[in-house]
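Everything below concerns the one structure shown next.
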2 protein chains.
Amino acid sequence: MNNTPTAIPDCLLNPRSVAIIGASDEPTRIGGRPISSMLAKGYAGRIMPVNPNRSTVQGLPAYASVADLPEVPDVAIIAVPAQHALQAVKALAERGTKAAILFTAGFAEVSEEGAAMQAEMVAIARRGGMRLLGPNTLGMVNMHNGFVGSFSTFSSLGVSRPGRVGIVSQSGAYGSHLVSSAMEAGVYPSSIVMTGNEADLNVSDIVRLFAADPMTDVIAVYAEGISDGPGLVDALKAAHAAGKPVVMMKVGRSEVGGAAARSHTASIAGDDAVVSAVLDELGVVRVRTTEEMVDILRLASRRVFPADNTLGVVTISGGAGVIISDAAEDLGIPMPEMPAAAQARMLEMLPICAPRNPVDVTAQFINDAALVTPFTEAMMGEGGYGTLLAFFSYAASYHTVADTLLQQLADVRKRYPDRLYVMVGRGDPTVLARYEEAGFTVFGDPSRAVAAIAAMGRFGRALAGKSTAPAPQVPAVTLPSATPTEAEAKALLAEAGIPSAPERACADEDAAVRAAREIGFPLVLKILSPDILHKSEIGGVLLNVNSEGAVREGFALLLERARKAVPDARIEGMLVAKQLVGGVECIMGINRDPVFGPIAMFGLGGVFVEILKDVVFHRCPFGPDVAEEMIRSIKGAPLLLGARGRPVTDIPALARTLSQLSAFAVAAGPRLQSIDLNPVLAMPEGQGAYAVDAVIEVGE
Amino acid sequence: MNNTPTAIPDCLLNPRSVAIIGASDEPTRIGGRPISSMLAKGYAGRIMPVNPNRSTVQGLPAYASVADLPEVPDVAIIAVPAQHALQAVKALAERGTKAAILFTAGFAEVSEEGAAMQAEMVAIARRGGMRLLGPNTLGMVNMHNGFVGSFSTFSSLGVSRPGRVGIVSQSGAYGSHLVSSAMEAGVYPSSIVMTGNEADLNVSDIVRLFAADPMTDVIAVYAEGISDGPGLVDALKAAHAAGKPVVMMKVGRSEVGGAAARSHTASIAGDDAVVSAVLDELGVVRVRTTEEMVDILRLASRRVFPADNTLGVVTISGGAGVIISDAAEDLGIPMPEMPAAAQARMLEMLPICAPRNPVDVTAQFINDAALVTPFTEAMMGEGGYGTLLAFFSYAASYHTVADTLLQQLADVRKRYPDRLYVMVGRGDPTVLARYEEAGFTVFGDPSRAVAAIAAMGRFGRALAGKSTAPAPQVPAVTLPSATPTEAEAKALLAEAGIPSAPERACADEDAAVRAAREIGFPLVLKILSPDILHKSEIGGVLLNVNSEGAVREGFALLLERARKAVPDARIEGMLVAKQLVGGVECIMGINRDPVFGPIAMFGLGGVFVEILKDVVFHRCPFGPDVAEEMIRSIKGAPLLLGARGRPVTDIPALARTLSQLSAFAVAAGPRLQSIDLNPVLAMPEGQGAYAVDAVIEVGE
């Protein structure tokens with residue numbers, strides 16, 4: 001018995017034959033619509049209806065049972081009630097069917113009993129090497145070959161031109177909304193897949209299918225919960241390797257939203273900030289709204305992703321130039337000025353223009369179309385912008401100027417074909433369609449245009465593949481059987497290159513005094529016990545210990561406090577540590593995310609973490625350059641970088657420590673629950689970074 | 001000679017007669033288009049073309065000069081070159097014309113010389129009691145009476161149905177873009193006014209006109225710079241008093257944007273955060289994009305502004321429910337749960353529904369339209385939501401269900417007419433138009449719907465008029481002739497009810513020791529000199545002074561430091577002050593904004609102000625409840641409110657101090673440049689708030 005799923009069969013998108021279990025002669029019924037749709041779309045494979053009561057279905061020969069099928073279907077569609085579905089899965093798996101699509105509802109989404117039945121069905125399918133889409137799914141459609149494994153009307157939404165965007169959605173209803181919104185905006189799918197209950201195949205599997213699908217250039221994902229982190233990471237890496245950008249809408253950010261997501265899916269919702277960090281790492285653009293998704297898909301269909309995405313703006317309205325500049329600054333798109341010589345030439349040609357960038361050509365541009373070529377040519381050639389955004393509003397569709405404008409813009413685009421061309425235009429849709437054909441993606445709203453342009457730059461940078469340093473190698477980690485003491489934790493971390501302040505574990509007062517002489521004052525004394533994790537809560541830490549006498553007094557005092565607070569604690573003595581002065585308090589941590597595994601966290605100490613939640617996350621492991629990016633990305637970073645006359649801290653040491661910690665977390669294996677280094681002191685430049693406290697939590 | 005402008009003449013929107021100076025027989029020329037448009041739109045007033053070379057213009061009798069006009073026109077349109085415009089203004093003003101619209105360009109927007117000519121023109125007009133719109137304006141249109149004082153094609157943009165939204169824009173080109181975007185979305189203007197150079201009439205004046213215009217319900221403003229703060233405040237108050245919501249797009253937020261705005265307008269751009277604070281105070285919704293503007297105008301046209309804007313969502317897609325919940329949380333719209341009894345009843349009617357809120361009715365809703373009434377009735381009646389948002393996506397336009405759905409939704413709306421009804425629908429536009437007619441505003445995108453709903457709630461709260469406490473009365477303030485010392489500053493503030501830590505100004509050591517005995521230790525010593533404003537910069541402050549000996553030593557030390565740092569400083573002695581322990585450091589300040597006058601600022605001290613710019617602004621004066629809202633609105637507020645075991649601070653005292661400061665700033669008059677209270681210590685509950693340092697800057 002083999003319970004590992006087989007590889008996702010390519011034939012799911014391109015089956016040579018399809019069986020429909022529960023086939024209906026009525027073209028609009030659930031068991032009839034796939035057949036009528038495939039017939040209408042000219043699907044070239046063999047369609048085999050299964051219906052015990054009819055000899056033909058919609059004019060095709062029908063078969064009484066799976067056993068009677070004249071050949072093993074590549075894909076089967078199951079459109080029978082739950083109690084019969086299990087049987088159908090069994091019969092199909094036994095005959096060697098590669099994949100089945102289960103429309104049938106009534107499983108994990110309704111009850112515990114349904115969940116059990118669903119699990120049994122998956123086990124049966126796996127034994128036969130068959131993969132399942134669903135149950136409780138609207139199914140899937142391949143727009144290119146006419147394969148319709150769906151009973152949804154989205155297969156007949158009016159427009160059905162095949163396109164190059166692969167769309168996968170966990171929600172049938174919202175997926176359909178997305179598909180109709182996309183088509184209305186002129187974005188056409190290659191294939192559409194709804195994953196339903198994801199008993200077996202999930203969004204990640206479908207992303208991997210799209211990554212390999214020659215008809216798909218861009219991938220759109222709608223997800224409510226991610227249950228298989230590594231699977232998603234692999235799938236996104238496959239898409240990246242294939243040069244296909246991924247846009248993802250992952251909902252359930254808010255408290256109410258999160259509750260709603262849990263109430264209607266059976267997946268574990270990962271922590272939202274972690275999801276964002278992982279998607280960001282893998283070059284995915286995460287969107288919040290359907291419109292943003294559709295805008296980005298539309299522009300991405302041009303397949304131009306400028307890694308150096310500078311923005312040049314030519315506008316007939318100064319006001320629009322300001323709006324666009326505001327939006328670009330918000331989104332971090334640089335808008336460098338035109339070179340001085342080009343500005344001077346522009347002013348000669350059109351004295352009332354503002355030639356800096358935005359290049360405000362005023363309405364005069366419309367009256368004197370001969371200006372369009374020299375201006376835009378200068379912007380692309382001398383300005384060297386990655387993207388040209390032209391704001392013409394409804395003037396773009398004036399019949400008197402559209403021809404000339406279009407011709408001249410198209411000429412410039414031919415000379416610089418590796419750039420992105422975007423137009424804000426309004427008015428006659430037939431005229432605007434001609435700009436689209438000439439390679440100018442037309443938006444009605446300048447702010448939306450800028451948001452889509454920003455996404456293209458992010459894809460460009462991701463696809464260009466910034467070469468980051470590899471994660472460091474750390475020696476094998478053997479975690480103790482139970483949660484270690486602070487000293488043990490620091491020793492473990494030290495082996496992995498994570499330094500703490502100099503310190504000694506001392507069993508008695510004399511040892512403590514000897515340690516004090518070695519380390520030098522000021523010192524910190526801390527109680528040492530495997531039963532006391534959070535020392536400061538019981539007053540188990542003394543700062544500013546400045547003499548040998550104070551060491552002895554402190555030793556006695558802490559001993560007394562510990563015995564009072566935790567009477568049966570095993571006390572191993574005291575930790576005598578160097579007290580570091582002049583550092584900035586940071587926090588580093590590791591948390592095992594149930595979906596994505598160990599996640600590193602970095603933040604500044606004090607109010608930054610407590611009140612402002614100013615922290616950054618990253619999947620482990622990662623190299624020191626990624627760590628440095630993380631450190632520089634927090635809002636409070638200026639405090640580490642010398643703001644307002646503060647000393648600059650040792651950022652390289654801090655980044656090294658964070659990166660080593662990420663490697664340690666992976667090396668420690670799945671028993672590692674969490675690590676808290678709080679604080680880590682970032683000392684002034686060249687003086688290192690030291691963990692002052694360390695807590696490692698170890699699980700079973 | 002009178003240089004005060006006369007009141008804005010109502011006839012600007014409704015002239016009984018219009019003269020066109022530079023009238024053209026050619027209907028599409030600048031001087032011809034207003035005439036041809038008015039003739040086409042059936043303007044009922046008298047049109048009087050002025051042209052010295054023709055006896056008729058476009059079939060109307062023409063007049064050789066202004067002097068020859070048979071009656072004094074209410075409004076004149078000037079469409080002659082700059083050198084003739086001045087003369088025309090003079091002739092019109094002398095005859096008693098009430099207002100002139102100047103299309104003519106070539107004034108302040110091009111040169112110093114043009115600016116001088118513009119100023120002269122305004123002076124001439126004012127002497128005759130005539131108001132000017134422009135110069136360099138596209139002009140204006142009243143869609144209700146056919147008055148077209150514009151040469152723009154926006155007067156003939158295809159659709160020209162009159163509506164209820166007054167649109168005013170500083171930019172002709174962007175204003176036209178806004179108008180065409182609005183009309184395409186079904187938002188029709190009452191009047192459109194472009195203000196051009198704003199030599200005389202500005203956006204504020206037009207807002208005031210719209211506030212009084214019976215054909216205008218909602219006001220839309222596009223502005224690049226505000227030069228007349230009090231004028232804008234008055235106009236917005238007038239709109240508020242008339243119950244008309246105002247939506248404003250004020251651009252130039254970014255550095256690049258700001259530069260672009262300055263390069264093409266002649267107005268002073270106020271600090272952006274101050275503008276936002278003022279608009280917020282006056283109930284204006286500020287938008288960032290044209291689409292957001294149009295969405296809000298569209299929904300506002302329903303004239304339903306729920307002050308208690310709770311959101312009830314009914315959806316056929318769980319995913320859409322999540323998206324909507326996320327968006328609502330981001331925008332602060334509460335989504336209370338349905339009452340338990342209603343939830344139980346819903347579950348009985350439709351066992352697979354999720355009845356909490358969002359109420360997920362699944363696709364079943366579409367199949368069983370009889371459910372629509374009981375569900376939505378329960379939501380409005382028992383849920384009591386201010387807004388119902390129904391997500392039906394393209395199912396809304398299914399011909400099989402649209403009739404029933406529409407009928408049932410319309411019935412519920414009739415029973416609860418004071419609520420806001422929004423639908424997310426896609427598909428057949430003619431079907432969607434029927435929902436619009438039934439009172440459901442249809443959006444294609446759920447996130448945009450939620451943003452527009454949030455704006456209605458803000459209008460609702462603003463129009464309901466939260467009754468805030470009046471600003472406190474403070475005694476008359478007489479500022480000294482020059483910037484006062486710290487002690488003088490604190491004395492001035494103390495009279496206005498702004499307490500400082502107990503302190504005495506002491507001319508010599510003996511006086512200082514006497515003061516120390518009175519106040520008690522620990523103490524702070526500070527140098528006292530009108531020539532040393534920022535004491536800590538020269539080491540002029542000593543903390544932790546704990547004995548009489550230390551008072552004497554400190555006195556001598558500070559004296560020496562001051563003499564070294566500022567040799568010719570007049571030194572008046574020392575300030576001996578109580579050192580407050582255990583307070584939270586805050587910053588309060590006043591800054592005279594060139595546009596809006598004295599603006600109060602509040603923030604937390606240290607990194608919050610320095611690194612995070614976590615501050616809040618408000619126009620002065622205001623009462624303690626507004627001050628408390630300001631204090632509670634900053635990100636770091638939890639530090640004052642007892643976060644993480646900190647003591648709760650004396651918020652009422654802090655709010656009182658801030659409010660008194662705002663009243664002081666107004667009472668001090670225009671010579672007050674700025675006040676810095678840094679820090680103000682917010683002491684634990686019941687122990688007050690004290691200014692520890694105070695700097696008042698006084699101007700000429």
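Note on naming: chains are A, B, ... as they come in the structure tokens, residues start from 1 per chain, ligands start from 1 in the order shown.
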
Spatial neighbours of Gly688 of chain A, max dist 8 Å, only C-alpha atoms, sep filter under 6 positions, as a list in words: Asp650, Ala653, Leu654 and Ala682 of chain A

Print the selection's residues with N, CA, C and O atoms to a file, as a PDB file, in the first residue's frame.
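And here is the file that came out, part35.pdb:
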ATOM      1  N   ASP A 650      26.726  48.367  14.930  1.00  0.00           N
ATOM      2  CA  ASP A 650      27.442  47.381  14.134  1.00  0.00           C
ATOM      3  C   ASP A 650      26.452  46.516  13.354  1.00  0.00           C
ATOM      4  O   ASP A 650      26.161  45.374  13.713  1.00  0.00           O
ATOM      5  N   ALA A 653      27.545  42.972  12.141  1.00  0.00           N
ATOM      6  CA  ALA A 653      27.543  41.965  13.208  1.00  0.00           C
ATOM      7  C   ALA A 653      26.108  41.536  13.530  1.00  0.00           C
ATOM      8  O   ALA A 653      25.818  40.357  13.736  1.00  0.00           O
ATOM      9  N   LEU A 654      25.206  42.516  13.554  1.00  0.00           N
ATOM     10  CA  LEU A 654      23.807  42.229  13.856  1.00  0.00           C
ATOM     11  C   LEU A 654      23.217  41.311  12.769  1.00  0.00           C
ATOM     12  O   LEU A 654      22.533  40.326  13.068  1.00  0.00           O
ATOM     13  N   ALA A 682      22.955  45.780  20.016  1.00  0.00           N
ATOM     14  CA  ALA A 682      23.736  46.199  18.856  1.00  0.00           C
ATOM     15  C   ALA A 682      24.696  47.269  19.350  1.00  0.00           C
ATOM     16  O   ALA A 682      24.278  48.377  19.694  1.00  0.00           O
TER      17      ALA A 682
END

Shell around Gly129 of chain A at 7 Å using only C-alpha atoms, local window under 4 positions removed, as a ChimeraX atom specification: /A:5-6,93,98,125

Those of segment 257-497 of chain B in DSSP strand (DSSP E or B), formatted as number ranges by chain: B: 285-287, 311-315, 354, 359-360, 387-393, 420-425, 441-443

Could you take the residues named above and write them with N, CA and C atoms, as a PDB file, in the first residue's frame?
ATOM      1  N   VAL B 285     -14.223  64.486   3.293  1.00  0.00           N
ATOM      2  CA  VAL B 285     -13.497  63.255   2.995  1.00  0.00           C
ATOM      3  C   VAL B 285     -12.454  63.571   1.932  1.00  0.00           C
ATOM      4  N   ARG B 286     -11.202  63.348   2.299  1.00  0.00           N
ATOM      5  CA  ARG B 286     -10.109  63.610   1.364  1.00  0.00           C
ATOM      6  C   ARG B 286      -9.781  62.324   0.626  1.00  0.00           C
ATOM      7  N   VAL B 287      -9.723  62.368  -0.697  1.00  0.00           N
ATOM      8  CA  VAL B 287      -9.434  61.166  -1.470  1.00  0.00           C
ATOM      9  C   VAL B 287      -8.084  61.295  -2.150  1.00  0.00           C
ATOM     10  N   LEU B 311     -22.048  47.848   9.363  1.00  0.00           N
ATOM     11  CA  LEU B 311     -22.156  47.207   8.054  1.00  0.00           C
ATOM     12  C   LEU B 311     -22.667  45.781   8.186  1.00  0.00           C
ATOM     13  N   GLY B 312     -23.738  45.497   7.469  1.00  0.00           N
ATOM     14  CA  GLY B 312     -24.236  44.138   7.358  1.00  0.00           C
ATOM     15  C   GLY B 312     -23.957  43.628   5.949  1.00  0.00           C
ATOM     16  N   VAL B 313     -23.382  42.439   5.846  1.00  0.00           N
ATOM     17  CA  VAL B 313     -23.001  41.906   4.544  1.00  0.00           C
ATOM     18  C   VAL B 313     -23.758  40.616   4.288  1.00  0.00           C
ATOM     19  N   VAL B 314     -24.444  40.554   3.146  1.00  0.00           N
ATOM     20  CA  VAL B 314     -25.040  39.290   2.724  1.00  0.00           C
ATOM     21  C   VAL B 314     -24.334  38.887   1.435  1.00  0.00           C
ATOM     22  N   THR B 315     -23.856  37.637   1.384  1.00  0.00           N
ATOM     23  CA  THR B 315     -22.983  37.265   0.278  1.00  0.00           C
ATOM     24  C   THR B 315     -23.240  35.835  -0.185  1.00  0.00           C
ATOM     25  N   ALA B 354     -23.922  30.664   6.784  1.00  0.00           N
ATOM     26  CA  ALA B 354     -23.140  31.132   7.927  1.00  0.00           C
ATOM     27  C   ALA B 354     -23.793  32.441   8.356  1.00  0.00           C
ATOM     28  N   VAL B 359     -23.139  37.433   6.417  1.00  0.00           N
ATOM     29  CA  VAL B 359     -24.116  36.359   6.310  1.00  0.00           C
ATOM     30  C   VAL B 359     -23.892  35.677   4.958  1.00  0.00           C
ATOM     31  N   ASP B 360     -23.285  34.489   5.023  1.00  0.00           N
ATOM     32  CA  ASP B 360     -22.945  33.755   3.800  1.00  0.00           C
ATOM     33  C   ASP B 360     -24.110  32.841   3.461  1.00  0.00           C
ATOM     34  N   THR B 387     -25.800  50.129   6.920  1.00  0.00           N
ATOM     35  CA  THR B 387     -25.599  49.842   5.502  1.00  0.00           C
ATOM     36  C   THR B 387     -25.752  48.350   5.248  1.00  0.00           C
ATOM     37  N   LEU B 388     -26.463  48.019   4.169  1.00  0.00           N
ATOM     38  CA  LEU B 388     -26.506  46.635   3.698  1.00  0.00           C
ATOM     39  C   LEU B 388     -25.652  46.542   2.441  1.00  0.00           C
ATOM     40  N   LEU B 389     -24.676  45.631   2.475  1.00  0.00           N
ATOM     41  CA  LEU B 389     -23.867  45.376   1.288  1.00  0.00           C
ATOM     42  C   LEU B 389     -24.157  43.953   0.840  1.00  0.00           C
ATOM     43  N   ALA B 390     -24.702  43.824  -0.374  1.00  0.00           N
ATOM     44  CA  ALA B 390     -25.067  42.511  -0.900  1.00  0.00           C
ATOM     45  C   ALA B 390     -24.087  42.117  -1.990  1.00  0.00           C
ATOM     46  N   PHE B 391     -23.391  41.019  -1.794  1.00  0.00           N
ATOM     47  CA  PHE B 391     -22.468  40.539  -2.817  1.00  0.00           C
ATOM     48  C   PHE B 391     -23.142  39.439  -3.629  1.00  0.00           C
ATOM     49  N   PHE B 392     -23.524  39.772  -4.865  1.00  0.00           N
ATOM     50  CA  PHE B 392     -24.114  38.767  -5.739  1.00  0.00           C
ATOM     51  C   PHE B 392     -23.291  38.549  -6.997  1.00  0.00           C
ATOM     52  N   SER B 393     -22.298  39.422  -7.222  1.00  0.00           N
ATOM     53  CA  SER B 393     -21.431  39.317  -8.401  1.00  0.00           C
ATOM     54  C   SER B 393     -22.291  39.134  -9.652  1.00  0.00           C
ATOM     55  N   LEU B 420     -28.465  52.660   3.935  1.00  0.00           N
ATOM     56  CA  LEU B 420     -27.721  52.719   2.688  1.00  0.00           C
ATOM     57  C   LEU B 420     -27.692  51.312   2.089  1.00  0.00           C
ATOM     58  N   TYR B 421     -27.974  51.207   0.786  1.00  0.00           N
ATOM     59  CA  TYR B 421     -28.034  49.898   0.136  1.00  0.00           C
ATOM     60  C   TYR B 421     -27.021  49.831  -1.004  1.00  0.00           C
ATOM     61  N   VAL B 422     -26.103  48.877  -0.873  1.00  0.00           N
ATOM     62  CA  VAL B 422     -25.039  48.753  -1.865  1.00  0.00           C
ATOM     63  C   VAL B 422     -24.991  47.312  -2.348  1.00  0.00           C
ATOM     64  N   MET B 423     -24.712  47.147  -3.636  1.00  0.00           N
ATOM     65  CA  MET B 423     -24.696  45.824  -4.239  1.00  0.00           C
ATOM     66  C   MET B 423     -23.400  45.658  -5.012  1.00  0.00           C
ATOM     67  N   VAL B 424     -22.747  44.506  -4.855  1.00  0.00           N
ATOM     68  CA  VAL B 424     -21.659  44.181  -5.773  1.00  0.00           C
ATOM     69  C   VAL B 424     -22.227  43.256  -6.827  1.00  0.00           C
ATOM     70  N   GLY B 425     -22.313  43.779  -8.029  1.00  0.00           N
ATOM     71  CA  GLY B 425     -22.902  43.020  -9.116  1.00  0.00           C
ATOM     72  C   GLY B 425     -22.087  43.191 -10.386  1.00  0.00           C
ATOM     73  N   THR B 441     -26.950  51.008  -5.033  1.00  0.00           N
ATOM     74  CA  THR B 441     -25.812  51.471  -5.814  1.00  0.00           C
ATOM     75  C   THR B 441     -24.928  50.271  -6.104  1.00  0.00           C
ATOM     76  N   VAL B 442     -24.648  50.043  -7.373  1.00  0.00           N
ATOM     77  CA  VAL B 442     -23.938  48.828  -7.791  1.00  0.00           C
ATOM     78  C   VAL B 442     -22.458  49.115  -8.022  1.00  0.00           C
ATOM     79  N   PHE B 443     -21.609  48.340  -7.369  1.00  0.00           N
ATOM     80  CA  PHE B 443     -20.171  48.405  -7.605  1.00  0.00           C
ATOM     81  C   PHE B 443     -19.719  47.084  -8.217  1.00  0.00           C
TER      82      PHE B 443
END

DSSP helix (DSSP H, G or I) selection over segment 371-508 of chain A, as an MDAnalysis selection string: chainID A and resid 371:381 394:397 402:415 429:437 446:464 486:495

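Here atom CA of Gly573 of chain A stands at a distance of 7.4 Å from atom CA of Ser529 of chain A.
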
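Taking atom CA of Pro684 of chain B as the reference point, atom CA of Ala496 of chain B is found at 22.8 Å.
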
Atom CA of Gly186 of chain A to atom CA of Met140 of chain A, distance in Å rounded to a single decimal: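 So the two atoms, atom CA of Gly186 of chain A and atom CA of Met140 of chain A, lie 20.1 Å apart.
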
Selection near segment 400-414 of chain A, 6 Å with only C-alpha atoms, sequence-local residues under 2 positions removed, as a list in words: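 The residues that qualify are Thr373, Glu377, Ala396, Ser397, Tyr398, Tyr416, Pro417 and Ala438 of chain A.
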
Best match for closeness to Gly582 of chain B among B:Ala569, B:Ala100, B:Ala562, B:Leu640, counting only C-alpha atoms: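 Smallest separation from Gly582 of chain B among the options: B:Leu640.
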
Residue contacts of Ala689 of chain B (12 Å, only C-alpha atoms) excluding same-chain residues fewer than 2 positions away, as a PyMOL selection string: chain B and resi 497-502+580-588+640+649-658+677+679-687+691-692

Which residues come within 9 Å of Met38 of chain A, counting only C-alpha atoms, excluding same-chain residues fewer than 6 positions away, as a compact mmCIF listing (two decimals) with N, CA, C and O atoms, in the first residue's frame?
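Ended up saving to result_5.txt:
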# COMPACT_ATOMS: atom_id res chain seq x y z
N ALA A 44 -11.38 18.06 -28.48
CA ALA A 44 -11.01 17.05 -29.49
C ALA A 44 -10.82 15.65 -28.90
O ALA A 44 -10.72 14.67 -29.65
N ILE A 47 -15.14 11.87 -25.27
CA ILE A 47 -16.03 12.14 -24.15
C ILE A 47 -16.85 10.88 -23.90
O ILE A 47 -17.56 10.40 -24.80
N GLY A 146 -10.59 23.34 -25.07
CA GLY A 146 -12.01 23.09 -24.93
C GLY A 146 -12.37 22.04 -23.89
O GLY A 146 -13.52 21.62 -23.81
N PHE A 147 -11.39 21.65 -23.06
CA PHE A 147 -11.72 20.71 -21.98
C PHE A 147 -12.44 21.46 -20.86
O PHE A 147 -11.91 22.38 -20.26
N VAL A 148 -13.68 21.04 -20.59
CA VAL A 148 -14.47 21.68 -19.54
C VAL A 148 -14.81 20.64 -18.48
O VAL A 148 -15.67 19.79 -18.68
N GLY A 149 -14.11 20.71 -17.36
CA GLY A 149 -14.43 19.82 -16.25
C GLY A 149 -15.16 20.61 -15.19
O GLY A 149 -14.79 20.59 -14.02

Given only C-alpha atoms as the counted atoms, nearest of A:Asp693, A:Asp74, A:Glu503, A:Glu198 to Ala115 of chain A: A:Glu198

Nearby residues (only C-alpha atoms) at most 10 Å from Met293 of chain A, same-chain spacing under 6 positions excluded, as a list in words: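 Contacts, with the query itself left out: Leu178, Ser181, Ala182, Ala220, Val221, Tyr222, Val247, Met248, Met249, Val285, Arg286, Val287 and Ala452 of chain A.
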